[in-house]
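Q: I am sharing query02.cif, which consists of mmCIF, N, CA and C atoms:
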```cif
data_upload
#
loop_
_atom_site.label_atom_id
_atom_site.label_comp_id
_atom_site.auth_asym_id
_atom_site.auth_seq_id
_atom_site.Cartn_x
_atom_site.Cartn_y
_atom_site.Cartn_z
N MET A 2 -33.19 152.97 27.25
CA MET A 2 -33.73 151.76 26.71
C MET A 2 -35.18 151.68 27.16
N VAL A 3 -36.08 151.54 26.25
CA VAL A 3 -37.50 151.57 26.56
C VAL A 3 -38.09 150.19 26.34
N THR A 4 -38.61 149.61 27.41
CA THR A 4 -39.23 148.29 27.26
C THR A 4 -40.73 148.35 27.45
N ASP A 5 -41.26 149.54 27.73
CA ASP A 5 -42.71 149.65 27.88
C ASP A 5 -43.33 150.67 26.93
N ASN A 6 -42.52 151.24 26.07
CA ASN A 6 -42.95 152.21 25.05
C ASN A 6 -43.61 153.45 25.65
N LYS A 7 -43.20 153.83 26.87
CA LYS A 7 -43.78 154.99 27.53
C LYS A 7 -42.75 156.09 27.80
N PHE A 8 -41.52 155.89 27.45
CA PHE A 8 -40.46 156.86 27.71
C PHE A 8 -40.67 158.09 26.83
N ASP A 9 -40.57 159.27 27.43
CA ASP A 9 -40.79 160.51 26.70
C ASP A 9 -39.46 161.16 26.36
N PHE A 10 -38.87 160.74 25.27
CA PHE A 10 -37.60 161.27 24.80
C PHE A 10 -37.70 162.76 24.51
N TYR A 11 -38.83 163.18 24.01
CA TYR A 11 -39.00 164.59 23.64
C TYR A 11 -38.95 165.51 24.85
N ASN A 12 -39.37 165.03 25.99
CA ASN A 12 -39.29 165.82 27.21
C ASN A 12 -37.83 166.10 27.58
N ILE A 13 -36.98 165.11 27.44
CA ILE A 13 -35.56 165.28 27.73
C ILE A 13 -34.93 166.29 26.78
N THR A 14 -35.25 166.18 25.51
CA THR A 14 -34.66 167.13 24.56
C THR A 14 -35.17 168.54 24.79
N GLU A 15 -36.42 168.67 25.19
CA GLU A 15 -36.97 170.00 25.48
C GLU A 15 -36.26 170.64 26.68
N ILE A 16 -36.01 169.86 27.72
CA ILE A 16 -35.30 170.36 28.90
C ILE A 16 -33.86 170.73 28.52
N ALA A 17 -33.20 169.86 27.76
CA ALA A 17 -31.82 170.14 27.34
C ALA A 17 -31.74 171.42 26.52
N ASP A 18 -32.75 171.66 25.71
CA ASP A 18 -32.76 172.84 24.84
C ASP A 18 -33.17 174.10 25.59
N LYS A 19 -34.30 174.07 26.24
CA LYS A 19 -34.86 175.30 26.83
C LYS A 19 -34.21 175.68 28.16
N LYS A 20 -33.95 174.71 29.00
CA LYS A 20 -33.44 175.02 30.33
C LYS A 20 -31.92 175.15 30.35
N TYR A 21 -31.23 174.26 29.64
CA TYR A 21 -29.77 174.23 29.72
C TYR A 21 -29.06 174.70 28.45
N ARG A 22 -29.79 174.84 27.35
CA ARG A 22 -29.20 175.26 26.06
C ARG A 22 -28.06 174.35 25.61
N ILE A 23 -28.27 173.05 25.79
CA ILE A 23 -27.24 172.08 25.40
C ILE A 23 -27.81 170.97 24.52
N LEU A 24 -28.78 171.30 23.70
CA LEU A 24 -29.45 170.27 22.91
C LEU A 24 -28.48 169.50 22.03
N ASP A 25 -27.65 170.18 21.27
CA ASP A 25 -26.71 169.48 20.38
C ASP A 25 -25.79 168.56 21.16
N LYS A 26 -25.26 169.04 22.26
CA LYS A 26 -24.36 168.23 23.07
C LYS A 26 -25.09 167.01 23.65
N ALA A 27 -26.31 167.24 24.13
CA ALA A 27 -27.09 166.14 24.71
C ALA A 27 -27.42 165.09 23.66
N LEU A 28 -27.83 165.52 22.47
CA LEU A 28 -28.22 164.58 21.43
C LEU A 28 -27.07 163.70 20.97
N LYS A 29 -25.85 164.20 21.05
CA LYS A 29 -24.69 163.40 20.66
C LYS A 29 -24.46 162.21 21.58
N HIS A 30 -25.01 162.27 22.79
CA HIS A 30 -24.74 161.25 23.79
C HIS A 30 -25.97 160.43 24.18
N ILE A 31 -27.07 160.64 23.48
CA ILE A 31 -28.30 159.92 23.81
C ILE A 31 -28.55 158.80 22.80
N ILE A 32 -28.81 157.62 23.33
CA ILE A 32 -29.17 156.47 22.51
C ILE A 32 -30.57 156.05 22.97
N VAL A 33 -31.51 155.99 22.06
CA VAL A 33 -32.84 155.51 22.41
C VAL A 33 -33.05 154.19 21.69
N GLN A 34 -33.31 153.16 22.45
CA GLN A 34 -33.58 151.83 21.90
C GLN A 34 -34.95 151.41 22.41
N ARG A 35 -35.82 151.02 21.53
CA ARG A 35 -37.12 150.51 21.95
C ARG A 35 -37.10 148.99 21.81
N MET A 36 -37.37 148.32 22.91
CA MET A 36 -37.36 146.86 22.93
C MET A 36 -38.78 146.37 23.14
N PHE A 37 -39.16 145.38 22.35
CA PHE A 37 -40.52 144.85 22.46
C PHE A 37 -40.54 143.39 22.92
N THR A 38 -39.39 142.75 22.93
CA THR A 38 -39.33 141.37 23.43
C THR A 38 -38.11 141.22 24.33
N ILE A 39 -38.16 140.22 25.16
CA ILE A 39 -37.03 139.92 26.04
C ILE A 39 -35.79 139.58 25.23
N TYR A 40 -36.00 138.98 24.08
CA TYR A 40 -34.87 138.59 23.24
C TYR A 40 -34.18 139.81 22.62
N GLN A 41 -34.95 140.83 22.26
CA GLN A 41 -34.35 142.08 21.77
C GLN A 41 -33.53 142.75 22.87
N LEU A 42 -34.09 142.77 24.07
CA LEU A 42 -33.37 143.36 25.20
C LEU A 42 -32.09 142.59 25.49
N ALA A 43 -32.18 141.28 25.51
CA ALA A 43 -31.00 140.46 25.77
C ALA A 43 -29.93 140.70 24.72
N HIS A 44 -30.33 140.73 23.46
CA HIS A 44 -29.36 140.96 22.38
C HIS A 44 -28.66 142.31 22.57
N PHE A 45 -29.44 143.35 22.86
CA PHE A 45 -28.83 144.67 23.02
C PHE A 45 -27.86 144.69 24.21
N LEU A 46 -28.30 144.15 25.35
CA LEU A 46 -27.44 144.19 26.53
C LEU A 46 -26.17 143.36 26.34
N ILE A 47 -26.32 142.18 25.77
CA ILE A 47 -25.19 141.26 25.65
C ILE A 47 -24.25 141.65 24.51
N LYS A 48 -24.80 142.04 23.38
CA LYS A 48 -23.98 142.27 22.18
C LYS A 48 -23.66 143.73 21.89
N GLU A 49 -24.53 144.66 22.29
CA GLU A 49 -24.37 146.03 21.81
C GLU A 49 -24.18 147.09 22.90
N LEU A 50 -24.55 146.81 24.13
CA LEU A 50 -24.53 147.83 25.16
C LEU A 50 -23.17 148.49 25.32
N GLU A 51 -22.16 147.71 25.56
CA GLU A 51 -20.83 148.27 25.84
C GLU A 51 -20.30 149.12 24.69
N LYS A 52 -20.41 148.61 23.47
CA LYS A 52 -19.88 149.38 22.33
C LYS A 52 -20.71 150.63 22.05
N ASN A 53 -22.03 150.58 22.30
CA ASN A 53 -22.86 151.77 22.10
C ASN A 53 -22.55 152.84 23.15
N LEU A 54 -22.35 152.44 24.40
CA LEU A 54 -21.99 153.41 25.42
C LEU A 54 -20.66 154.08 25.10
N GLU A 55 -19.71 153.30 24.60
CA GLU A 55 -18.41 153.86 24.21
C GLU A 55 -18.55 154.76 22.98
N LYS A 56 -19.26 154.31 21.99
CA LYS A 56 -19.41 155.06 20.74
C LYS A 56 -20.02 156.44 20.97
N TYR A 57 -21.07 156.49 21.79
CA TYR A 57 -21.77 157.75 22.02
C TYR A 57 -21.32 158.47 23.29
N LYS A 58 -20.34 157.87 24.00
CA LYS A 58 -19.83 158.43 25.25
C LYS A 58 -20.95 158.69 26.25
N SER A 59 -21.88 157.78 26.29
CA SER A 59 -23.01 157.88 27.22
C SER A 59 -22.60 157.39 28.59
N LYS A 60 -23.12 158.03 29.61
CA LYS A 60 -22.78 157.67 30.99
C LYS A 60 -23.99 157.21 31.80
N LEU A 61 -25.15 157.22 31.18
CA LEU A 61 -26.38 156.88 31.89
C LEU A 61 -27.17 155.87 31.07
N LEU A 62 -27.56 154.78 31.71
CA LEU A 62 -28.41 153.78 31.07
C LEU A 62 -29.71 153.73 31.86
N VAL A 63 -30.82 153.99 31.20
CA VAL A 63 -32.14 153.95 31.83
C VAL A 63 -32.94 152.85 31.17
N ILE A 64 -33.42 151.93 31.98
CA ILE A 64 -34.28 150.85 31.48
C ILE A 64 -35.64 151.05 32.12
N THR A 65 -36.67 151.21 31.30
CA THR A 65 -38.02 151.39 31.82
C THR A 65 -38.87 150.17 31.50
N GLY A 66 -39.92 149.98 32.26
CA GLY A 66 -40.83 148.87 32.02
C GLY A 66 -40.45 147.66 32.84
N ASP A 67 -41.22 146.61 32.70
CA ASP A 67 -40.95 145.42 33.49
C ASP A 67 -41.18 144.11 32.74
N PHE A 68 -41.46 144.18 31.44
CA PHE A 68 -41.76 142.93 30.74
C PHE A 68 -40.58 141.98 30.79
N PHE A 69 -39.37 142.52 30.87
CA PHE A 69 -38.19 141.66 30.86
C PHE A 69 -38.08 140.82 32.12
N LEU A 70 -38.84 141.16 33.15
CA LEU A 70 -38.81 140.37 34.38
C LEU A 70 -39.87 139.30 34.42
N SER A 71 -40.95 139.52 33.70
CA SER A 71 -42.06 138.56 33.78
C SER A 71 -42.63 138.25 32.40
N ASP A 72 -41.81 138.27 31.39
CA ASP A 72 -42.25 138.04 30.03
C ASP A 72 -42.68 136.59 29.84
N PRO A 73 -43.94 136.34 29.48
CA PRO A 73 -44.40 134.97 29.31
C PRO A 73 -43.81 134.29 28.06
N GLN A 74 -43.19 135.08 27.17
CA GLN A 74 -42.60 134.51 25.95
C GLN A 74 -41.34 133.70 26.24
N ILE A 75 -40.71 133.96 27.35
CA ILE A 75 -39.41 133.34 27.60
C ILE A 75 -39.57 132.11 28.51
N THR A 76 -38.91 131.05 28.13
CA THR A 76 -38.97 129.82 28.92
C THR A 76 -38.02 129.94 30.11
N LYS A 77 -38.21 129.10 31.08
CA LYS A 77 -37.31 129.08 32.24
C LYS A 77 -35.88 128.77 31.80
N GLN A 78 -35.74 127.88 30.85
CA GLN A 78 -34.39 127.54 30.35
C GLN A 78 -33.71 128.76 29.75
N ASP A 79 -34.45 129.54 28.95
CA ASP A 79 -33.87 130.74 28.36
C ASP A 79 -33.56 131.79 29.43
N LYS A 80 -34.45 131.92 30.41
CA LYS A 80 -34.18 132.85 31.52
C LYS A 80 -32.88 132.46 32.22
N ASP A 81 -32.75 131.19 32.53
CA ASP A 81 -31.56 130.72 33.25
C ASP A 81 -30.28 130.93 32.43
N TRP A 82 -30.41 130.95 31.13
CA TRP A 82 -29.26 131.14 30.25
C TRP A 82 -29.01 132.63 29.97
N LEU A 83 -30.08 133.38 29.68
CA LEU A 83 -29.93 134.78 29.27
C LEU A 83 -29.73 135.75 30.42
N TYR A 84 -30.50 135.61 31.50
CA TYR A 84 -30.46 136.60 32.57
C TYR A 84 -29.05 136.78 33.14
N PRO A 85 -28.32 135.72 33.45
CA PRO A 85 -26.97 135.93 33.97
C PRO A 85 -26.07 136.67 32.97
N GLN A 86 -26.23 136.40 31.68
CA GLN A 86 -25.44 137.11 30.67
C GLN A 86 -25.83 138.59 30.61
N MET A 87 -27.13 138.87 30.72
CA MET A 87 -27.60 140.25 30.70
C MET A 87 -27.04 141.01 31.90
N ILE A 88 -27.11 140.39 33.06
CA ILE A 88 -26.61 141.03 34.28
C ILE A 88 -25.11 141.23 34.19
N GLN A 89 -24.39 140.26 33.66
CA GLN A 89 -22.94 140.39 33.49
C GLN A 89 -22.59 141.54 32.55
N SER A 90 -23.35 141.71 31.50
CA SER A 90 -23.12 142.81 30.56
C SER A 90 -23.33 144.16 31.23
N ILE A 91 -24.34 144.24 32.07
CA ILE A 91 -24.58 145.49 32.80
C ILE A 91 -23.46 145.73 33.80
N LYS A 92 -23.02 144.68 34.49
CA LYS A 92 -21.93 144.83 35.46
C LYS A 92 -20.66 145.36 34.81
N LYS A 93 -20.42 144.99 33.55
CA LYS A 93 -19.22 145.45 32.85
C LYS A 93 -19.17 146.96 32.71
N VAL A 94 -20.33 147.58 32.55
CA VAL A 94 -20.37 149.03 32.30
C VAL A 94 -20.66 149.85 33.55
N VAL A 95 -20.94 149.20 34.66
CA VAL A 95 -21.31 149.92 35.89
C VAL A 95 -20.19 150.84 36.37
N ALA A 96 -18.96 150.47 36.21
CA ALA A 96 -17.85 151.29 36.70
C ALA A 96 -17.81 152.66 36.02
N ASN A 97 -18.27 152.74 34.77
CA ASN A 97 -18.20 153.99 34.01
C ASN A 97 -19.56 154.60 33.72
N SER A 98 -20.62 154.01 34.22
CA SER A 98 -21.97 154.48 33.90
C SER A 98 -22.88 154.39 35.11
N ILE A 99 -23.96 155.11 35.04
CA ILE A 99 -25.02 155.01 36.04
C ILE A 99 -26.15 154.21 35.41
N ILE A 100 -26.63 153.22 36.11
CA ILE A 100 -27.70 152.36 35.60
C ILE A 100 -28.96 152.61 36.43
N LEU A 101 -30.05 152.97 35.78
CA LEU A 101 -31.33 153.15 36.45
C LEU A 101 -32.34 152.20 35.83
N VAL A 102 -33.04 151.46 36.66
CA VAL A 102 -34.09 150.57 36.20
C VAL A 102 -35.39 151.02 36.86
N PHE A 103 -36.35 151.40 36.03
CA PHE A 103 -37.66 151.80 36.54
C PHE A 103 -38.63 150.68 36.24
N SER A 104 -39.15 150.09 37.30
CA SER A 104 -40.05 148.96 37.13
C SER A 104 -41.06 148.94 38.27
N PRO A 105 -42.33 148.71 37.95
CA PRO A 105 -43.32 148.59 39.02
C PRO A 105 -43.25 147.24 39.72
N THR A 106 -42.39 146.36 39.27
CA THR A 106 -42.28 145.02 39.82
C THR A 106 -41.14 144.97 40.84
N THR A 107 -41.35 144.29 41.94
CA THR A 107 -40.30 144.12 42.93
C THR A 107 -39.31 143.08 42.43
N LEU A 108 -38.08 143.51 42.23
CA LEU A 108 -37.06 142.63 41.66
C LEU A 108 -36.77 141.43 42.56
N SER A 109 -36.72 141.63 43.85
CA SER A 109 -36.32 140.55 44.75
C SER A 109 -37.28 139.37 44.72
N ASN A 110 -38.50 139.60 44.30
CA ASN A 110 -39.47 138.50 44.27
C ASN A 110 -39.44 137.73 42.95
N LEU A 111 -38.73 138.24 41.95
CA LEU A 111 -38.76 137.60 40.64
C LEU A 111 -37.48 136.87 40.27
N VAL A 112 -36.36 137.48 40.50
CA VAL A 112 -35.11 136.87 40.07
C VAL A 112 -34.14 136.82 41.22
N ASN A 113 -33.30 135.83 41.21
CA ASN A 113 -32.30 135.70 42.23
C ASN A 113 -30.97 135.37 41.58
N TYR A 114 -30.44 136.33 40.84
CA TYR A 114 -29.16 136.14 40.18
C TYR A 114 -28.15 136.99 40.90
#
```
Have the structure of the file written as structure tokens, please.
A:
Amino acid sequence: MVTDNKFDFYNITEIADKKYRILDKALKHIIVQRMFTIYQLAHFLIKELEKNLEKYKSKLLVITGDFFLSDPQITKQDKDWLYPQMIQSIKKVVANSIILVFSPTTLSNLVNY
């Protein structure tokens, strides 16, 4: 899941193809979602994450960027309503997946859910 539009999907496919010779197998299990707003991210996590991970048998969720932590578009009321739902959706899939969040922002200083 790309929230900063900097994820290099092509690098992953090149490694899967040239180094491991598993491009077809890797592509069957990779989902690339580009999110440009906090609301798109929330919708994907709350409504689509679990079924997409099951559909593609993906075991790794990578979230890059940090706009979702400090997005000025979202009101405090929406944060208080959406963030717990987003975190709950991620918690549902943690038992069967690895979750990586790459962010230059320190999480402990921004949210306390």
Q: Please list as a list of chain:residue names every residue within 8 Å of range 56-63 of chain A, counting only C-alpha atoms and excluding residues in the same chain fewer than 6 positions away.
A: A:Met2, A:Val3, A:Lys29, A:His30, A:Ile31, A:Ile32, A:Asn97, A:Ser98, A:Ile99, A:Ile100, A:Leu101, A:Val102, A:Phe103
Q: Counting only C-alpha atoms, which of A:Asp9, A:Lys77, A:Leu28, A:Ile64 gets nearest to Phe45 in chain A?
A: A:Ile64
Q: If you measure from CA of Gly66 in chain A to CA of Tyr21 in chain A, what distance in Å do you get, rounded to one decimal?
A: 27.8 Å
Q: Give me, please, the distance in Å between CA of Tyr40 in chain A and atom C of Gln74 in chain A, quoted to one decimal.
A: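 Atom-to-atom, CA of Tyr40 in chain A and atom C of Gln74 in chain A are spaced 8.6 Å apart.
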Q: If you run DSSP on the backbone here, which positions in range 69-105 of chain A get alpha helix (DSSP H)? Please write them as a count of residues only.
A: 22
Q: I need the residue nearest Ala43 in chain A from this list: A:Arg22, A:Leu83, A:Pro73, A:Tyr11. Use only N, CA and C atoms for the distance.
A: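 Once distances to Ala43 in chain A are computed over only N, CA and C atoms, the minimum belongs to A:Leu83.
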Q: So the first atom is CA of Gln78 in chain A and the second is CA of Glu49 in chain A; what is the distance between them in Å, to one decimal place?
A: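 Computing it gives 22.7 Å between the two atoms.
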